[in-house]
$ cat start-v1.cif   # mmCIF, C-alpha atoms
data_run
#
loop_
_atom_site.group_PDB
_atom_site.id
_atom_site.type_symbol
_atom_site.label_atom_id
_atom_site.label_comp_id
_atom_site.auth_asym_id
_atom_site.auth_seq_id
_atom_site.Cartn_x
_atom_site.Cartn_y
_atom_site.Cartn_z
ATOM 1 C CA MET A 1 0.000 0.000 0.000
ATOM 2 C CA PRO A 2 1.492 3.381 -0.997
ATOM 3 C CA GLY A 3 2.536 5.841 1.692
ATOM 4 C CA ALA A 4 1.091 9.249 2.525
ATOM 5 C CA ILE A 5 3.138 10.685 -0.364
ATOM 6 C CA TYR A 6 3.622 8.463 -3.387
ATOM 7 C CA ALA A 7 4.991 9.171 -6.851
ATOM 8 C CA GLU A 8 5.635 6.789 -9.712
ATOM 9 C CA GLY A 9 7.442 7.714 -12.919
ATOM 10 C CA LEU A 10 6.969 11.491 -12.666
ATOM 11 C CA VAL A 11 8.216 13.278 -15.774
ATOM 12 C CA LYS A 12 8.181 17.038 -16.329
ATOM 13 C CA THR A 13 9.859 18.913 -19.163
ATOM 14 C CA PHE A 14 10.278 22.612 -19.862
ATOM 15 C CA GLY A 15 11.179 22.927 -23.528
ATOM 16 C CA ASP A 16 14.379 20.945 -23.988
ATOM 17 C CA VAL A 17 14.988 20.663 -20.241
ATOM 18 C CA ARG A 18 13.847 17.448 -18.561
ATOM 19 C CA ALA A 19 13.387 18.677 -14.988
ATOM 20 C CA LEU A 20 11.987 15.341 -13.771
ATOM 21 C CA ASP A 21 12.940 12.138 -15.517
ATOM 22 C CA GLY A 22 10.932 9.303 -13.987
ATOM 23 C CA VAL A 23 10.932 10.180 -10.283
ATOM 24 C CA ASP A 24 9.649 7.538 -7.834
ATOM 25 C CA LEU A 25 8.956 8.364 -4.169
ATOM 26 C CA ASP A 26 7.178 6.597 -1.324
ATOM 27 C CA VAL A 27 6.892 8.336 2.064
ATOM 28 C CA PRO A 28 5.267 6.324 4.890
ATOM 29 C CA GLU A 29 2.735 8.115 7.059
ATOM 30 C CA GLY A 30 4.216 10.013 9.995
ATOM 31 C CA THR A 31 7.771 10.134 8.621
ATOM 32 C CA VAL A 32 10.094 12.701 7.062
ATOM 33 C CA LEU A 33 11.616 12.233 3.609
ATOM 34 C CA GLY A 34 14.573 14.480 2.913
ATOM 35 C CA LEU A 35 14.882 15.303 -0.781
ATOM 36 C CA LEU A 36 18.553 16.175 -1.104
ATOM 37 C CA GLY A 37 20.187 17.745 -4.124
ATOM 38 C CA PRO A 38 21.840 20.855 -5.582
ATOM 39 C CA ASN A 39 20.120 23.710 -7.386
ATOM 40 C CA GLY A 40 18.575 22.488 -10.627
ATOM 41 C CA ALA A 41 18.330 18.868 -9.494
ATOM 42 C CA GLY A 42 14.518 18.817 -9.762
ATOM 43 C CA LYS A 43 13.567 19.060 -6.084
ATOM 44 C CA THR A 44 11.277 22.080 -6.389
ATOM 45 C CA THR A 45 9.683 20.768 -9.583
ATOM 46 C CA ALA A 46 8.840 17.530 -7.779
ATOM 47 C CA VAL A 47 7.241 19.463 -4.917
ATOM 48 C CA ARG A 48 5.206 21.585 -7.339
ATOM 49 C CA CYS A 49 3.907 18.490 -9.113
ATOM 50 C CA LEU A 50 2.978 16.787 -5.838
ATOM 51 C CA THR A 51 1.173 19.889 -4.541
ATOM 52 C CA THR A 52 -0.844 20.448 -7.784
ATOM 53 C CA LEU A 53 1.017 23.632 -8.761
ATOM 54 C CA LEU A 54 2.387 21.885 -11.864
ATOM 55 C CA ARG A 55 0.892 19.078 -13.903
ATOM 56 C CA PRO A 56 3.418 16.334 -14.692
ATOM 57 C CA ASP A 57 3.738 15.267 -18.323
ATOM 58 C CA ARG A 58 3.691 11.619 -17.293
ATOM 59 C CA GLY A 59 3.454 9.527 -14.161
ATOM 60 C CA ARG A 60 1.202 9.104 -11.162
ATOM 61 C CA ALA A 61 1.093 10.773 -7.759
ATOM 62 C CA VAL A 62 -1.019 10.154 -4.659
ATOM 63 C CA VAL A 63 -0.967 12.464 -1.620
ATOM 64 C CA ALA A 64 -2.957 11.755 1.561
ATOM 65 C CA GLY A 65 -4.742 8.972 -0.297
ATOM 66 C CA LEU A 66 -5.879 11.358 -3.065
ATOM 67 C CA ASP A 67 -4.924 11.263 -6.736
ATOM 68 C CA VAL A 68 -3.068 14.485 -7.476
ATOM 69 C CA LEU A 69 -4.247 14.628 -11.098
ATOM 70 C CA LYS A 70 -7.854 13.580 -10.538
ATOM 71 C CA GLU A 71 -8.572 15.266 -7.185
ATOM 72 C CA PRO A 72 -6.428 18.431 -7.045
ATOM 73 C CA ASP A 73 -8.885 20.478 -4.944
ATOM 74 C CA ALA A 74 -9.120 17.743 -2.304
ATOM 75 C CA VAL A 75 -5.316 17.434 -2.278
ATOM 76 C CA ARG A 76 -4.925 21.163 -1.644
ATOM 77 C CA ARG A 77 -7.304 20.947 1.325
ATOM 78 C CA SER A 78 -5.204 18.132 2.828
ATOM 79 C CA ILE A 79 -1.702 19.624 2.618
ATOM 80 C CA GLY A 80 0.436 22.460 3.864
ATOM 81 C CA LEU A 81 3.111 24.036 1.670
ATOM 82 C CA SER A 82 5.978 26.329 2.498
ATOM 83 C CA GLY A 83 7.889 27.393 -0.602
ATOM 84 C CA GLN A 84 11.363 28.824 -0.986
ATOM 85 C CA PHE A 85 10.159 32.411 -0.659
ATOM 86 C CA ALA A 86 7.877 33.882 1.998
ATOM 87 C CA ALA A 87 4.349 34.327 0.625
ATOM 88 C CA VAL A 88 2.833 36.833 3.041
ATOM 89 C CA ASP A 89 0.796 39.997 2.533
ATOM 90 C CA GLU A 90 3.154 42.772 3.577
ATOM 91 C CA TYR A 91 0.317 45.238 4.230
ATOM 92 C CA LEU A 92 -1.316 42.977 6.823
ATOM 93 C CA THR A 93 0.051 42.367 10.300
ATOM 94 C CA GLY A 94 1.488 38.991 11.203
ATOM 95 C CA ARG A 95 -1.648 38.184 13.165
ATOM 96 C CA GLU A 96 -3.920 39.237 10.288
ATOM 97 C CA ASN A 97 -1.964 37.110 7.833
ATOM 98 C CA LEU A 98 -2.458 33.986 9.917
ATOM 99 C CA GLN A 99 -6.115 34.714 10.682
ATOM 100 C CA MET A 100 -6.764 35.259 6.966
ATOM 101 C CA VAL A 101 -5.257 31.866 6.120
ATOM 102 C CA GLY A 102 -7.456 30.219 8.736
ATOM 103 C CA GLN A 103 -10.579 31.852 7.350
ATOM 104 C CA LEU A 104 -9.637 30.832 3.790
ATOM 105 C CA TYR A 105 -9.655 27.271 5.131
ATOM 106 C CA GLN A 106 -13.158 28.016 6.492
ATOM 107 C CA MET A 107 -12.154 28.046 10.150
ATOM 108 C CA ARG A 108 -14.465 29.940 12.481
ATOM 109 C CA ALA A 109 -13.166 33.427 13.286
ATOM 110 C CA LYS A 110 -12.616 32.587 16.962
ATOM 111 C CA ALA A 111 -10.689 29.414 16.118
ATOM 112 C CA ALA A 112 -8.585 31.220 13.494
ATOM 113 C CA LYS A 113 -7.716 33.936 16.030
ATOM 114 C CA ALA A 114 -6.702 31.377 18.662
ATOM 115 C CA ARG A 115 -4.605 29.383 16.201
ATOM 116 C CA ALA A 116 -2.858 32.558 14.993
ATOM 117 C CA ALA A 117 -1.935 33.491 18.569
ATOM 118 C CA GLU A 118 -0.598 29.985 19.212
ATOM 119 C CA LEU A 119 1.597 29.995 16.095
ATOM 120 C CA LEU A 120 2.900 33.526 16.697
ATOM 121 C CA GLU A 121 4.087 32.382 20.103
ATOM 122 C CA GLN A 122 5.546 29.143 18.753
ATOM 123 C CA PHE A 123 7.551 30.952 16.067
ATOM 124 C CA ASP A 124 8.764 33.728 18.392
ATOM 125 C CA LEU A 125 6.722 36.405 16.582
ATOM 126 C CA ALA A 126 4.324 37.408 19.369
ATOM 127 C CA ASP A 127 6.074 40.730 20.029
ATOM 128 C CA ALA A 128 5.717 41.698 16.360
ATOM 129 C CA ALA A 129 2.251 40.212 15.858
ATOM 130 C CA ASP A 130 0.475 43.530 15.301
ATOM 131 C CA ARG A 131 3.071 45.176 13.089
ATOM 132 C CA PRO A 132 2.647 45.230 9.272
ATOM 133 C CA THR A 133 4.786 42.469 7.812
ATOM 134 C CA LYS A 134 6.511 44.950 5.497
ATOM 135 C CA THR A 135 8.419 45.998 8.638
ATOM 136 C CA TYR A 136 9.560 42.398 9.291
ATOM 137 C CA SER A 137 13.081 41.224 8.604
ATOM 138 C CA GLY A 138 13.657 38.485 6.038
ATOM 139 C CA GLY A 139 13.999 35.853 8.734
ATOM 140 C CA MET A 140 10.776 36.966 10.428
ATOM 141 C CA ARG A 141 8.859 36.779 7.148
ATOM 142 C CA ARG A 142 10.223 33.297 6.598
ATOM 143 C CA ARG A 143 8.986 32.165 9.989
ATOM 144 C CA LEU A 144 5.588 33.757 9.401
ATOM 145 C CA ASP A 145 5.292 31.928 6.078
ATOM 146 C CA LEU A 146 6.059 28.637 7.794
ATOM 147 C CA ALA A 147 3.484 29.389 10.474
ATOM 148 C CA ALA A 148 0.878 30.108 7.775
ATOM 149 C CA ALA A 149 1.479 26.669 6.260
ATOM 150 C CA LEU A 150 0.640 25.115 9.636
ATOM 151 C CA VAL A 151 -2.569 26.991 10.428
ATOM 152 C CA VAL A 152 -4.828 24.008 9.727
ATOM 153 C CA SER A 153 -2.433 21.314 11.030
ATOM 154 C CA PRO A 154 -2.409 19.413 7.710
ATOM 155 C CA PRO A 155 -1.792 15.647 7.698
ATOM 156 C CA VAL A 156 0.774 16.068 4.898
ATOM 157 C CA MET A 157 3.298 18.889 4.752
ATOM 158 C CA PHE A 158 5.729 20.010 2.055
ATOM 159 C CA MET A 159 8.642 22.281 2.935
ATOM 160 C CA ASP A 160 10.835 23.487 0.083
ATOM 161 C CA GLU A 161 14.195 24.554 1.566
ATOM 162 C CA PRO A 162 12.461 25.989 4.648
ATOM 163 C CA THR A 163 15.521 27.172 6.558
ATOM 164 C CA THR A 164 17.205 29.116 3.756
ATOM 165 C CA GLY A 165 18.059 32.545 5.124
ATOM 166 C CA LEU A 166 17.534 31.622 8.775
ATOM 167 C CA ASP A 167 20.270 32.073 11.346
ATOM 168 C CA PRO A 168 21.371 29.034 13.388
ATOM 169 C CA ARG A 169 19.058 29.832 16.321
ATOM 170 C CA ASN A 170 15.962 30.094 14.143
ATOM 171 C CA ARG A 171 17.003 27.060 12.121
ATOM 172 C CA GLN A 172 17.154 25.063 15.349
ATOM 173 C CA LEU A 173 13.735 26.452 16.369
ATOM 174 C CA LEU A 174 12.241 25.263 13.086
ATOM 175 C CA TRP A 175 13.819 21.821 13.510
ATOM 176 C CA GLU A 176 12.055 21.513 16.867
ATOM 177 C CA VAL A 177 8.736 22.517 15.274
ATOM 178 C CA ILE A 178 9.217 19.878 12.571
ATOM 179 C CA LYS A 179 9.938 17.201 15.180
ATOM 180 C CA GLN A 180 6.761 18.147 17.056
ATOM 181 C CA LEU A 181 4.715 17.970 13.848
ATOM 182 C CA VAL A 182 5.994 14.533 12.934
ATOM 183 C CA SER A 183 5.571 13.187 16.469
ATOM 184 C CA GLY A 184 1.936 14.257 16.136
ATOM 185 C CA GLY A 185 1.506 12.154 12.983
ATOM 186 C CA THR A 186 2.240 14.646 10.188
ATOM 187 C CA THR A 187 4.002 13.298 7.102
ATOM 188 C CA LEU A 188 6.651 15.652 5.730
ATOM 189 C CA LEU A 189 8.563 15.965 2.480
ATOM 190 C CA LEU A 190 11.488 18.304 3.033
ATOM 191 C CA THR A 191 13.768 19.561 0.278
ATOM 192 C CA THR A 192 17.128 20.877 1.377
ATOM 193 C CA GLN A 193 20.701 21.602 0.377
ATOM 194 C CA TYR A 194 21.792 21.535 4.018
ATOM 195 C CA LEU A 195 23.312 18.110 4.561
ATOM 196 C CA GLU A 196 23.168 18.519 8.339
ATOM 197 C CA GLU A 197 19.438 19.238 8.102
ATOM 198 C CA ALA A 198 18.694 16.058 6.169
ATOM 199 C CA ASP A 199 20.895 14.067 8.551
ATOM 200 C CA HIS A 200 19.176 15.525 11.599
ATOM 201 C CA LEU A 201 15.521 15.375 10.544
ATOM 202 C CA ALA A 202 14.880 12.789 7.849
ATOM 203 C CA HIS A 203 13.897 9.183 8.476
ATOM 204 C CA ASP A 204 14.798 8.472 4.840
ATOM 205 C CA ILE A 205 16.704 10.438 2.227
ATOM 206 C CA ALA A 206 16.300 10.509 -1.541
ATOM 207 C CA VAL A 207 19.290 11.945 -3.406
ATOM 208 C CA VAL A 208 18.216 13.772 -6.579
ATOM 209 C CA ASP A 209 20.466 14.845 -9.429
ATOM 210 C CA HIS A 210 19.507 15.950 -12.948
ATOM 211 C CA GLY A 211 15.875 14.926 -12.500
ATOM 212 C CA HIS A 212 16.667 11.405 -11.284
ATOM 213 C CA VAL A 213 16.433 9.835 -7.831
ATOM 214 C CA ILE A 214 19.879 8.265 -7.791
ATOM 215 C CA ALA A 215 19.803 6.755 -4.282
ATOM 216 C CA THR A 216 17.429 6.261 -1.375
ATOM 217 C CA GLY A 217 17.835 4.998 2.171
ATOM 218 C CA THR A 218 18.419 6.073 5.731
ATOM 219 C CA SER A 219 21.338 8.348 6.482
ATOM 220 C CA ASP A 220 23.325 5.409 7.882
ATOM 221 C CA GLN A 221 22.541 3.215 4.860
ATOM 222 C CA LEU A 222 23.708 5.887 2.435
ATOM 223 C CA LYS A 223 26.860 6.540 4.439
ATOM 224 C CA ALA A 224 27.659 2.814 4.461
ATOM 225 C CA ARG A 225 27.815 2.919 0.660
ATOM 226 C CA THR A 226 30.880 5.177 0.782
ATOM 227 C CA GLY A 227 33.090 2.542 2.413
ATOM 228 C CA GLY A 228 32.897 2.946 6.171
ATOM 229 C CA GLU A 229 35.425 4.424 8.577
ATOM 230 C CA ARG A 230 38.811 5.962 7.776
ATOM 231 C CA VAL A 231 41.845 6.845 9.827
ATOM 232 C CA GLU A 232 43.309 10.235 8.946
ATOM 233 C CA VAL A 233 46.824 11.198 10.072
ATOM 234 C CA VAL A 234 48.726 14.461 9.658
ATOM 235 C CA VAL A 235 52.445 13.904 10.297
ATOM 236 C CA HIS A 236 54.660 16.653 11.675
ATOM 237 C CA GLU A 237 57.617 16.083 9.369
ATOM 238 C CA ARG A 238 57.198 15.403 5.659
ATOM 239 C CA GLU A 239 60.138 12.961 5.646
ATOM 240 C CA HIS A 240 58.109 10.639 7.921
ATOM 241 C CA MET A 241 55.279 10.228 5.431
ATOM 242 C CA THR A 242 56.683 7.082 3.786
ATOM 243 C CA THR A 243 57.079 5.326 7.131
ATOM 244 C CA ALA A 244 53.641 6.511 8.274
ATOM 245 C CA ALA A 245 52.141 5.111 5.068
ATOM 246 C CA GLU A 246 53.728 1.724 5.854
ATOM 247 C CA VAL A 247 52.191 1.792 9.339
ATOM 248 C CA LEU A 248 48.729 2.646 8.026
ATOM 249 C CA ALA A 249 48.951 -0.025 5.332
ATOM 250 C CA GLY A 250 49.401 -2.575 8.091
ATOM 251 C CA PHE A 251 46.062 -1.614 9.637
ATOM 252 C CA GLY A 252 44.106 -0.580 6.566
ATOM 253 C CA LYS A 253 41.455 -2.395 4.543
ATOM 254 C CA GLY A 254 42.233 -0.652 1.306
ATOM 255 C CA GLU A 255 44.540 1.774 -0.449
ATOM 256 C CA THR A 256 46.185 4.554 1.557
ATOM 257 C CA THR A 257 45.572 8.030 0.140
ATOM 258 C CA VAL A 258 48.467 10.480 0.462
ATOM 259 C CA GLU A 259 48.066 14.265 0.266
ATOM 260 C CA ASP A 260 51.697 15.313 0.273
ATOM 261 C CA HIS A 261 51.153 19.080 0.407
ATOM 262 C CA MET A 262 49.075 18.679 3.600
ATOM 263 C CA ARG A 263 51.250 15.903 5.073
ATOM 264 C CA LYS A 264 48.014 13.924 5.415
ATOM 265 C CA LEU A 265 47.435 10.193 4.943
ATOM 266 C CA THR A 266 44.043 8.440 4.911
ATOM 267 C CA VAL A 267 43.214 4.735 4.935
ATOM 268 C CA PRO A 268 39.903 2.829 5.190
ATOM 269 C CA VAL A 269 39.679 0.682 8.320
ATOM 270 C CA THR A 270 37.404 -1.436 10.469
ATOM 271 C CA GLY A 271 37.688 -1.636 14.226
ATOM 272 C CA GLY A 272 36.762 1.824 15.414
ATOM 273 C CA ALA A 273 38.351 3.531 18.400
ATOM 274 C CA LYS A 274 40.239 0.430 19.523
ATOM 275 C CA LEU A 275 42.083 0.246 16.217
ATOM 276 C CA LEU A 276 42.797 3.979 16.345
ATOM 277 C CA ALA A 277 44.580 3.505 19.674
ATOM 278 C CA GLU A 278 46.710 0.732 18.127
ATOM 279 C CA VAL A 279 47.659 2.988 15.196
ATOM 280 C CA ILE A 280 48.738 5.730 17.610
ATOM 281 C CA ARG A 281 50.908 3.298 19.588
ATOM 282 C CA GLU A 282 52.589 1.968 16.442
ATOM 283 C CA LEU A 283 53.306 5.463 15.110
ATOM 284 C CA ASP A 284 54.832 6.379 18.474
ATOM 285 C CA THR A 285 56.928 3.187 18.493
ATOM 286 C CA ARG A 286 58.272 4.094 15.039
ATOM 287 C CA GLY A 287 59.166 7.604 16.237
ATOM 288 C CA ILE A 288 56.673 9.391 14.003
ATOM 289 C CA GLU A 289 55.478 12.674 15.469
ATOM 290 C CA ILE A 290 51.942 13.622 14.422
ATOM 291 C CA ASP A 291 50.061 16.931 14.375
ATOM 292 C CA ASP A 292 46.618 15.351 14.149
ATOM 293 C CA ILE A 293 44.933 11.959 13.986
ATOM 294 C CA GLY A 294 41.298 10.935 13.917
ATOM 295 C CA LEU A 295 38.736 8.315 13.041
ATOM 296 C CA ARG A 296 36.448 9.774 10.407
ATOM 297 C CA ARG A 297 33.045 8.392 9.576
ATOM 298 C CA PRO A 298 31.371 9.230 6.251
ATOM 299 C CA THR A 299 29.151 12.307 6.118
ATOM 300 C CA LEU A 300 26.259 13.001 3.773
ATOM 301 C CA ASP A 301 28.667 15.264 1.919
ATOM 302 C CA ASP A 302 30.820 12.202 1.243
ATOM 303 C CA VAL A 303 27.709 10.328 0.115
ATOM 304 C CA PHE A 304 26.704 13.091 -2.250
ATOM 305 C CA LEU A 305 30.185 13.367 -3.711
ATOM 306 C CA SER A 306 30.471 9.615 -4.229
ATOM 307 C CA LEU A 307 27.047 9.416 -5.917
ATOM 308 C CA THR A 308 27.130 12.527 -8.097
ATOM 309 C CA GLY A 309 30.791 13.353 -8.550
ATOM 310 C CA HIS A 310 30.303 16.830 -7.076
ATOM 311 C CA VAL A 311 29.530 18.312 -3.668
ATOM 312 C CA ALA A 312 26.114 19.547 -2.659
ATOM 313 C CA GLU A 313 25.613 23.289 -2.882
ATOM 314 C CA VAL A 314 27.095 25.171 0.044
ATOM 315 C CA LYS A 315 25.586 28.465 1.135
ATOM 316 C CA ASP A 316 28.030 31.315 0.768
ATOM 317 C CA GLU A 317 29.117 33.615 3.556
ATOM 318 C CA GLN A 318 26.920 36.430 2.310
ATOM 319 C CA ASN A 319 23.802 34.321 2.810
ATOM 320 C CA ASP A 320 24.920 33.566 6.341
ATOM 321 C CA LYS A 321 25.469 37.266 6.995
ATOM 322 C CA GLU A 322 21.987 38.039 5.701
ATOM 323 C CA ALA A 323 20.355 35.447 7.970
ATOM 324 C CA VAL A 324 18.220 37.543 10.288
ATOM 325 C CA LYS A 325 17.386 36.804 13.893
#
$ encode --input "start-v1.cif" --output "structure tokens"
Amino acid sequence: MPGAIYAEGLVKTFGDVRALDGVDLDVPEGTVLGLLGPNGAGKTTAVRCLTTLLRPDRGRAVVAGLDVLKEPDAVRRSIGLSGQFAAVDEYLTGRENLQMVGQLYQMRAKAAKARAAELLEQFDLADAADRPTKTYSGGMRRRLDLAAALVVSPPVMFMDEPTTGLDPRNRQLLWEVIKQLVSGGTTLLLTTQYLEEADHLAHDIAVVDHGHVIATGTSDQLKARTGGERVEVVVHEREHMTTAAEVLAGFGKGETTVEDHMRKLTVPVTGGAKLLAEVIRELDTRGIEIDDIGLRRPTLDDVFLSLTGHVAEVKDEQNDKEAVK
């Protein structure tokens, strides 16, 4: 039986560009799927097809038990959507924005007012609730947009890069809100370029590149595909690198990588911290002074690089500077 979000063979083209090329997804009820990929991978196009904003050229999609193509109005009543850019009325106050959304969903005025107050408190906007949103910072507008998507507590939620532009404190606040939603039974599809975000929140991850889902699995399953643990050593003196490489080869389970300009050697291993202690003892016995040594486990960045041949998009420093409290 398909999950709360299900897609089979979704195809969407824009002229000569094939934005989606046979995308399959299956998100069990009450879980988070992280859709991970760089700009242009097809993440946003997939979200727009699943939320009825775009009609796929081919394929099938079911959301909350409803056929996206045959029952689009019913689908829209059953989902929440937060896009990449805040969609708020800047001439209304924060409170008025949320109350308006509630009334559009045919909530009673009293219930819409109560829900707005609850969300303003939850998203740390209560002090600015009665100011026009045109006076809000970018980060505040982002949080208000996310609150608007949650007014009716939808059973299925789509968040398209929700924490872009948020500072670390507000990003953490949103992560806590997402955890609360999912613990209450909400199913969430989350697109992101933040590898830490996918690692932290998603039960399963689908890696998307050039319109294809190229890998799916839990974070641990995807990391296991990159080859497990590695010992990394930085020697103090470059002339000790050959001897250090011999030591590592004796413990390694594969080829030792040497980065001469950094005086760094890396070798895949099994055995964890116990083996690391043995490596340190052997290096000391051989008189090799080291500047650094560590046991490194694969990250999602390693996964992405191994699957696609390039790293996931990293936000530049300017974006971080523009993140508003």
$ resolve_selection --input "start-v1.cif" --expression "the PyMOL selection byres ((chain A and resi 184) around 12)" --output "JSON list (two decimals) with C-alpha atoms, in the frame of the given file"
[["chain", "number", "residue", "atom", "x", "y", "z"],
["A", 29, "GLU", "CA", 2.74, 8.12, 7.06],
["A", 30, "GLY", "CA", 4.22, 10.01, 9.99],
["A", 31, "THR", "CA", 7.77, 10.13, 8.62],
["A", 153, "SER", "CA", -2.43, 21.31, 11.03],
["A", 154, "PRO", "CA", -2.41, 19.41, 7.71],
["A", 155, "PRO", "CA", -1.79, 15.65, 7.70],
["A", 156, "VAL", "CA", 0.77, 16.07, 4.90],
["A", 177, "VAL", "CA", 8.74, 22.52, 15.27],
["A", 178, "ILE", "CA", 9.22, 19.88, 12.57],
["A", 179, "LYS", "CA", 9.94, 17.20, 15.18],
["A", 180, "GLN", "CA", 6.76, 18.15, 17.06],
["A", 181, "LEU", "CA", 4.72, 17.97, 13.85],
["A", 182, "VAL", "CA", 5.99, 14.53, 12.93],
["A", 183, "SER", "CA", 5.57, 13.19, 16.47],
["A", 185, "GLY", "CA", 1.51, 12.15, 12.98],
["A", 186, "THR", "CA", 2.24, 14.65, 10.19],
["A", 187, "THR", "CA", 4.00, 13.30, 7.10],
["A", 188, "LEU", "CA", 6.65, 15.65, 5.73]]
$ closest_atom_pairs --input "start-v1.cif" --of "region 138-231 of chain A" --to "region 253-262 of chain A" --cutoff "12 Å" --atoms "all atoms listed in the file" --output "JSON lines"
{"residue": "A:Gly227", "atom": "CA", "partner": "A:Gly254", "partner_atom": "CA", "distance": 9.7}
{"residue": "A:Gly228", "atom": "CA", "partner": "A:Lys253", "partner_atom": "CA", "distance": 10.2}
{"residue": "A:Glu229", "atom": "CA", "partner": "A:Lys253", "partner_atom": "CA", "distance": 10.0}
{"residue": "A:Arg230", "atom": "CA", "partner": "A:Lys253", "partner_atom": "CA", "distance": 9.3}
{"residue": "A:Val231", "atom": "CA", "partner": "A:Thr256", "partner_atom": "CA", "distance": 9.6}
$ residues_around --input "start-v1.cif" --residues "region 245-251 of chain A" --least-positions-apart "5" --cutoff "10 Å" --atoms "only C-alpha atoms" --output "PyMOL selection string"
chain A and resi 231-233+240+256-258+264-271+275-276+278-280+282-283+286+288
$ residues_around --input "start-v1.cif" --residues "region 100-104 of chain A" --least-positions-apart "4" --cutoff "9 Å" --atoms "only C-alpha atoms" --output "PyMOL selection string"
chain A and resi 95-96+108-109+111-113+115-116+148-149+151-152
$ residues_around --input "start-v1.cif" --residues "region 132-145 of chain A" --least-positions-apart "5" --cutoff "10 Å" --atoms "all atoms listed in the file" --output "PyMOL selection string"
chain A and resi 81-98+119-120+122-125+150+162-167+170-171+173-174+322-325
$ atom_distance --input "start-v1.cif" --atom1 "CA of Val75 (chain A)" --atom2 "CA of Val63 (chain A)"
6.6 Å
$ closest_residue --input "start-v1.cif" --among "A:Lys43, A:Asp292, A:Pro38, A:Ala277" --to "Val234 (chain A)" --atoms "all atoms listed in the file"
A:Asp292
$ atom_distance --input "start-v1.cif" --atom1 "CA of Val213 (chain A)" --atom2 "CA of Thr44 (chain A)"
13.4 Å
$ atom_distance --input "start-v1.cif" --atom1 "CA of Ala64 (chain A)" --atom2 "CA of Thr51 (chain A)"
11.0 Å
$ resolve_selection --input "start-v1.cif" --expression "the PyMOL selection byres ((chain A and resi 217) around 12)" --output "PyMOL selection string"
chain A and resi 25-27+32-36+198-199+202-207+213-216+218-225+300+303
$ resolve_selection --input "start-v1.cif" --expression "the PyMOL selection byres ((chain A and resi 19) around 12)" --output "ChimeraX atom specification"
/A:10-18,20-23,39-49,54,56-57,208-213
$ closest_residue --input "start-v1.cif" --among "A:Val68, A:Gln106, A:Glu289, A:His200" --to "Met241 (chain A)" --atoms "only C-alpha atoms"
A:Glu289
$ closest_residue --input "start-v1.cif" --among "A:Thr299, A:Ser306, A:Thr243, A:Thr192" --to "Gly287 (chain A)" --atoms "all atoms listed in the file"
A:Thr243
$ closest_residue --input "start-v1.cif" --among "A:Gly37, A:Arg60, A:Ala128, A:Ile5" --to "Ser78 (chain A)" --atoms "all atoms listed in the file"
A:Ile5
$ decode --input "start-v1.cif" --residues "region 258-269 of chain A" --atoms "N, CA and C atoms" --output "PDB file, in the first residue's frame"
ATOM      1  N   VAL A 258      47.443   9.563  -0.039  1.00  0.00           N
ATOM      2  CA  VAL A 258      48.467  10.480   0.462  1.00  0.00           C
ATOM      3  C   VAL A 258      48.259  11.863  -0.152  1.00  0.00           C
ATOM      4  N   GLU A 259      48.134  12.868   0.719  1.00  0.00           N
ATOM      5  CA  GLU A 259      48.066  14.265   0.266  1.00  0.00           C
ATOM      6  C   GLU A 259      49.342  14.940   0.747  1.00  0.00           C
ATOM      7  N   ASP A 260      50.348  14.920  -0.112  1.00  0.00           N
ATOM      8  CA  ASP A 260      51.697  15.313   0.273  1.00  0.00           C
ATOM      9  C   ASP A 260      51.765  16.758   0.746  1.00  0.00           C
ATOM     10  N   HIS A 261      51.059  17.665   0.065  1.00  0.00           N
ATOM     11  CA  HIS A 261      51.153  19.080   0.407  1.00  0.00           C
ATOM     12  C   HIS A 261      50.573  19.379   1.784  1.00  0.00           C
ATOM     13  N   MET A 262      49.675  18.496   2.266  1.00  0.00           N
ATOM     14  CA  MET A 262      49.075  18.679   3.600  1.00  0.00           C
ATOM     15  C   MET A 262      49.690  17.750   4.639  1.00  0.00           C
ATOM     16  N   ARG A 263      50.630  16.905   4.218  1.00  0.00           N
ATOM     17  CA  ARG A 263      51.250  15.903   5.073  1.00  0.00           C
ATOM     18  C   ARG A 263      50.188  14.985   5.683  1.00  0.00           C
ATOM     19  N   LYS A 264      49.145  14.704   4.902  1.00  0.00           N
ATOM     20  CA  LYS A 264      48.014  13.924   5.415  1.00  0.00           C
ATOM     21  C   LYS A 264      47.914  12.580   4.703  1.00  0.00           C
ATOM     22  N   LEU A 265      47.643  11.538   5.476  1.00  0.00           N
ATOM     23  CA  LEU A 265      47.435  10.193   4.943  1.00  0.00           C
ATOM     24  C   LEU A 265      46.082   9.676   5.444  1.00  0.00           C
ATOM     25  N   THR A 266      45.365   8.965   4.567  1.00  0.00           N
ATOM     26  CA  THR A 266      44.043   8.440   4.911  1.00  0.00           C
ATOM     27  C   THR A 266      43.943   6.997   4.447  1.00  0.00           C
ATOM     28  N   VAL A 267      43.371   6.138   5.306  1.00  0.00           N
ATOM     29  CA  VAL A 267      43.214   4.735   4.935  1.00  0.00           C
ATOM     30  C   VAL A 267      41.882   4.218   5.472  1.00  0.00           C
ATOM     31  N   PRO A 268      41.136   3.439   4.673  1.00  0.00           N
ATOM     32  CA  PRO A 268      39.903   2.829   5.190  1.00  0.00           C
ATOM     33  C   PRO A 268      40.226   1.737   6.196  1.00  0.00           C
ATOM     34  N   VAL A 269      39.422   1.655   7.254  1.00  0.00           N
ATOM     35  CA  VAL A 269      39.679   0.682   8.320  1.00  0.00           C
ATOM     36  C   VAL A 269      38.367   0.097   8.836  1.00  0.00           C
TER      37      VAL A 269
END
